[in-house]
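As structure tokens, the structure follows; a few thoughts come after it.
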Amino acid sequence: MTAAAAARSIVRRGMFLTAVALLGLAAVYLLALQYAPVEARQGLAQKIFYLHVPSAWSALLAFSLVGIVSGLYLWLHDPRLDRFAASSAEVGVAFSAVMLTTGPIWAKPIWGTWWTWDARLTLTLFLFFLFVGYLALRAALQDPAERARFSAVVGILGLLLVPFIHLSVYLFRTLHPQPIVLKPSAPSLPPEMLRTLLVSALVFTLLYVGLVTLRYGLTLAEEAREEAGDAA
Amino acid sequence: MPPDNGGYMIAAYVVTAVILVGYAGWLWSKGRRVLRS
């Protein structure tokens with residue numbers, strides 16, 4: 001199979017997975033709005049939880065994988081790893097844009113302020129800027145080997161921030177609530193809310209996989225076209 | 001009686017759809033171009 005044919009096959013798979021995930025997202029909206037109960041103290045604003053938490057999960061998953069795969073790239077020098085890291089970073093930036101917009105929209109009616117410079121929020125904003133910088137760095141460097149090596153280092157630095165972000169609610173005084181699902185004891189949520197959250201997390205994870213597959217295929221197609229152009 | 005703050009919920013749901021569907025649509029259109037080429 002030629003590189004162009006392989007790229008088309010990956011693009012097709014990515015488009016299919018993305019379409020299925022977007023249908024799943026529509027189902028999540030229905031579940032969150034119709035099935036999940038209204039929380040007594042926070043009201044309808046609490047339903048932002050079903051988008052904010054899964055987008056944060058997907059963003060941190062994306063950035064963690066960028067860091068891990070970047071480490072592997074520095075060891076193995078396999079261009080597939082660099083391509084995956086770049087795809088995951090771009091998709092992670094999209095998910096963190098959702099996290100960083102839904103968070104303040106939820107905070108305003110509950111905390112009385114759009115934003116507070118506490119550890120969790122500030123570190124998350126830094127992580128977002130770091131990966132925007134990662135994408136800018138990739139766009140600025142022309143040599144593929146140099147681009148892959150430099151961006152891998154930035155990707156690993158991003159990974160170092162992830163555990164601090166997860167643990168920041170334990171380590172520092174913060175307005176942000178502590179984890180209610182990913183914690184040592186059992187999840188502290190009514191069953192309808194927990195089910196809706198888990199379905200949403202599953203759909204967001206599928207959307208992550210679909211978007212990364214599509215982005216990876218597009219990058220591969222671009223590389224195949226450039227190689228064909230160089231050969232001609 | 002829960003507080004009346006449904007407008008914030010609607011804003012968050014619209015923003016999420018715009019970002020995710022917009023980004024997916026942008027990649028999707030590039031994908032269609034690759035499949036046609």
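Ligands are numbered from 1 in the order shown, chains are lettered A, B, ... in the order of the structure tokens, and residues start at 1 in each chain.
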
If we count only C-alpha atoms and set the cut-off at 7 Å, which residues sit around Asn5 in chain B, ignoring sequence neighbours fewer than 2 positions away in its own chain? Please answer as a PyMOL selection string.
(chain A and resi 43-45+109) or (chain B and resi 3+7-8)

With C-alpha atoms retained, export the selected residues as a short mmCIF file (atom, residue, chain, number, x, y, z; two decimals), in the first residue's frame.
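Saved result, again38.cif, follows:
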data_model
loop_
_atom_site.label_atom_id
_atom_site.label_comp_id
_atom_site.auth_asym_id
_atom_site.auth_seq_id
_atom_site.Cartn_x
_atom_site.Cartn_y
_atom_site.Cartn_z
CA GLY A 43 -29.78 24.42 39.71
CA LEU A 44 -29.42 23.96 35.94
CA ALA A 45 -25.88 25.40 35.91
CA PRO A 109 -23.32 31.59 39.04
CA PRO B 3 -31.66 28.87 41.58
CA GLY B 7 -28.89 30.75 30.82
CA TYR B 8 -25.38 29.80 31.95
#

Go through chain A and flag each residue having an atom no more than 7 Å from chain B; for those, report the closest pair of atoms plus their distance in Å to one decimal, using only C-alpha atoms, ordered by chain and rising number, as a tab-separated table.
residue	atom	partner	partner_atom	distance
A:Arg8	CA	B:Leu35	CA	6.0
A:Val11	CA	B:Gly31	CA	6.0
A:Met15	CA	B:Trp28	CA	6.4
A:Ala40	CA	B:Pro2	CA	5.0
A:Arg41	CA	B:Pro2	CA	5.6
A:Gln42	CA	B:Pro2	CA	6.4
A:Gly43	CA	B:Pro2	CA	4.6
A:Leu44	CA	B:Gly6	CA	5.1
A:Ala45	CA	B:Met9	CA	4.8
A:Lys47	CA	B:Met9	CA	6.6
A:Ile48	CA	B:Met9	CA	5.8
A:Val98	CA	B:Thr16	CA	5.6
A:Thr102	CA	B:Ala12	CA	5.2
A:Ile105	CA	B:Tyr8	CA	6.0
A:Trp106	CA	B:Tyr8	CA	6.8
A:Pro109	CA	B:Asn5	CA	6.9
A:Leu211	CA	B:Ala24	CA	6.9
A:Arg215	CA	B:Leu27	CA	7.0
A:Leu218	CA	B:Gly31	CA	6.6

Create the file for the chosen residues now, containing N, CA and C atoms and written as a PDB file, in the first residue's frame.
ATOM      1  N   ARG A   8      -5.359   7.825   3.040  1.00  0.00           N
ATOM      2  CA  ARG A   8      -6.802   7.900   2.730  1.00  0.00           C
ATOM      3  C   ARG A   8      -7.587   6.926   3.610  1.00  0.00           C
ATOM      4  N   VAL A  11      -7.773   8.426   7.076  1.00  0.00           N
ATOM      5  CA  VAL A  11      -8.702   9.569   7.066  1.00  0.00           C
ATOM      6  C   VAL A  11     -10.139   9.067   7.096  1.00  0.00           C
ATOM      7  N   MET A  15     -12.847   9.843   9.957  1.00  0.00           N
ATOM      8  CA  MET A  15     -14.123  10.525   9.675  1.00  0.00           C
ATOM      9  C   MET A  15     -15.293   9.712  10.234  1.00  0.00           C
ATOM     10  N   ALA A  40     -30.195  20.354  43.540  1.00  0.00           N
ATOM     11  CA  ALA A  40     -31.050  21.255  44.327  1.00  0.00           C
ATOM     12  C   ALA A  40     -30.388  22.603  44.623  1.00  0.00           C
ATOM     13  N   ARG A  41     -29.078  22.596  44.948  1.00  0.00           N
ATOM     14  CA  ARG A  41     -28.438  23.857  45.368  1.00  0.00           C
ATOM     15  C   ARG A  41     -27.904  24.666  44.193  1.00  0.00           C
ATOM     16  N   GLN A  42     -27.371  23.969  43.146  1.00  0.00           N
ATOM     17  CA  GLN A  42     -26.747  24.689  42.020  1.00  0.00           C
ATOM     18  C   GLN A  42     -27.715  24.958  40.872  1.00  0.00           C
ATOM     19  N   GLY A  43     -28.819  24.225  40.800  1.00  0.00           N
ATOM     20  CA  GLY A  43     -29.776  24.419  39.713  1.00  0.00           C
ATOM     21  C   GLY A  43     -29.258  23.894  38.383  1.00  0.00           C
ATOM     22  N   LEU A  44     -29.761  24.450  37.278  1.00  0.00           N
ATOM     23  CA  LEU A  44     -29.415  23.956  35.935  1.00  0.00           C
ATOM     24  C   LEU A  44     -27.932  24.149  35.603  1.00  0.00           C
ATOM     25  N   ALA A  45     -27.298  25.151  36.209  1.00  0.00           N
ATOM     26  CA  ALA A  45     -25.875  25.404  35.914  1.00  0.00           C
ATOM     27  C   ALA A  45     -25.018  24.180  36.231  1.00  0.00           C
ATOM     28  N   LYS A  47     -25.476  21.261  35.384  1.00  0.00           N
ATOM     29  CA  LYS A  47     -25.412  20.361  34.230  1.00  0.00           C
ATOM     30  C   LYS A  47     -24.214  20.657  33.318  1.00  0.00           C
ATOM     31  N   ILE A  48     -23.560  21.791  33.524  1.00  0.00           N
ATOM     32  CA  ILE A  48     -22.315  22.096  32.784  1.00  0.00           C
ATOM     33  C   ILE A  48     -21.250  21.043  33.113  1.00  0.00           C
ATOM     34  N   VAL A  98     -12.624  23.947  25.360  1.00  0.00           N
ATOM     35  CA  VAL A  98     -13.950  23.671  25.937  1.00  0.00           C
ATOM     36  C   VAL A  98     -13.881  23.751  27.464  1.00  0.00           C
ATOM     37  N   THR A 102     -16.117  26.458  29.483  1.00  0.00           N
ATOM     38  CA  THR A 102     -17.257  25.988  30.296  1.00  0.00           C
ATOM     39  C   THR A 102     -16.986  26.202  31.795  1.00  0.00           C
ATOM     40  N   ILE A 105     -17.954  29.747  32.805  1.00  0.00           N
ATOM     41  CA  ILE A 105     -19.419  29.915  32.672  1.00  0.00           C
ATOM     42  C   ILE A 105     -20.123  29.229  33.847  1.00  0.00           C
ATOM     43  N   TRP A 106     -19.564  28.133  34.328  1.00  0.00           N
ATOM     44  CA  TRP A 106     -20.123  27.431  35.506  1.00  0.00           C
ATOM     45  C   TRP A 106     -19.766  28.189  36.790  1.00  0.00           C
ATOM     46  N   PRO A 109     -22.144  31.667  38.163  1.00  0.00           N
ATOM     47  CA  PRO A 109     -23.321  31.586  39.042  1.00  0.00           C
ATOM     48  C   PRO A 109     -23.052  30.874  40.371  1.00  0.00           C
ATOM     49  N   LEU A 211     -10.935  12.196  16.318  1.00  0.00           N
ATOM     50  CA  LEU A 211     -10.269  13.420  15.852  1.00  0.00           C
ATOM     51  C   LEU A 211      -8.763  13.203  15.664  1.00  0.00           C
ATOM     52  N   ARG A 215      -6.831  13.603  12.206  1.00  0.00           N
ATOM     53  CA  ARG A 215      -5.708  14.551  12.128  1.00  0.00           C
ATOM     54  C   ARG A 215      -4.425  13.839  11.672  1.00  0.00           C
ATOM     55  N   LEU A 218      -4.635  13.080   7.981  1.00  0.00           N
ATOM     56  CA  LEU A 218      -4.448  14.308   7.186  1.00  0.00           C
ATOM     57  C   LEU A 218      -2.970  14.684   7.105  1.00  0.00           C
TER      58      LEU A 218
END

Looking at A:Phe172, A:Phe95, A:Trp117, A:Phe49, which one is nearest to Phe63 in chain A, with distances taken over only C-alpha atoms?
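Smallest separation from Phe63 in chain A among the options: A:Phe95.
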
Name the residues of range 75-196 of chain A that fall into helix (DSSP H, G or I) according to DSSP on the backbone, using the chain letters and numbers of this document, as a ChimeraX atom specification.
/A:75-76,79-111,119-140,144-171,191-196

Could you check which of A:Ile165, A:Leu22, A:Leu31, A:Ala4 is closest to Leu197 in chain A, using only C-alpha atoms?
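Of A:Ile165, A:Leu22, A:Leu31, A:Ala4, the one nearest Leu197 in chain A, counting only C-alpha atoms, is A:Leu31.
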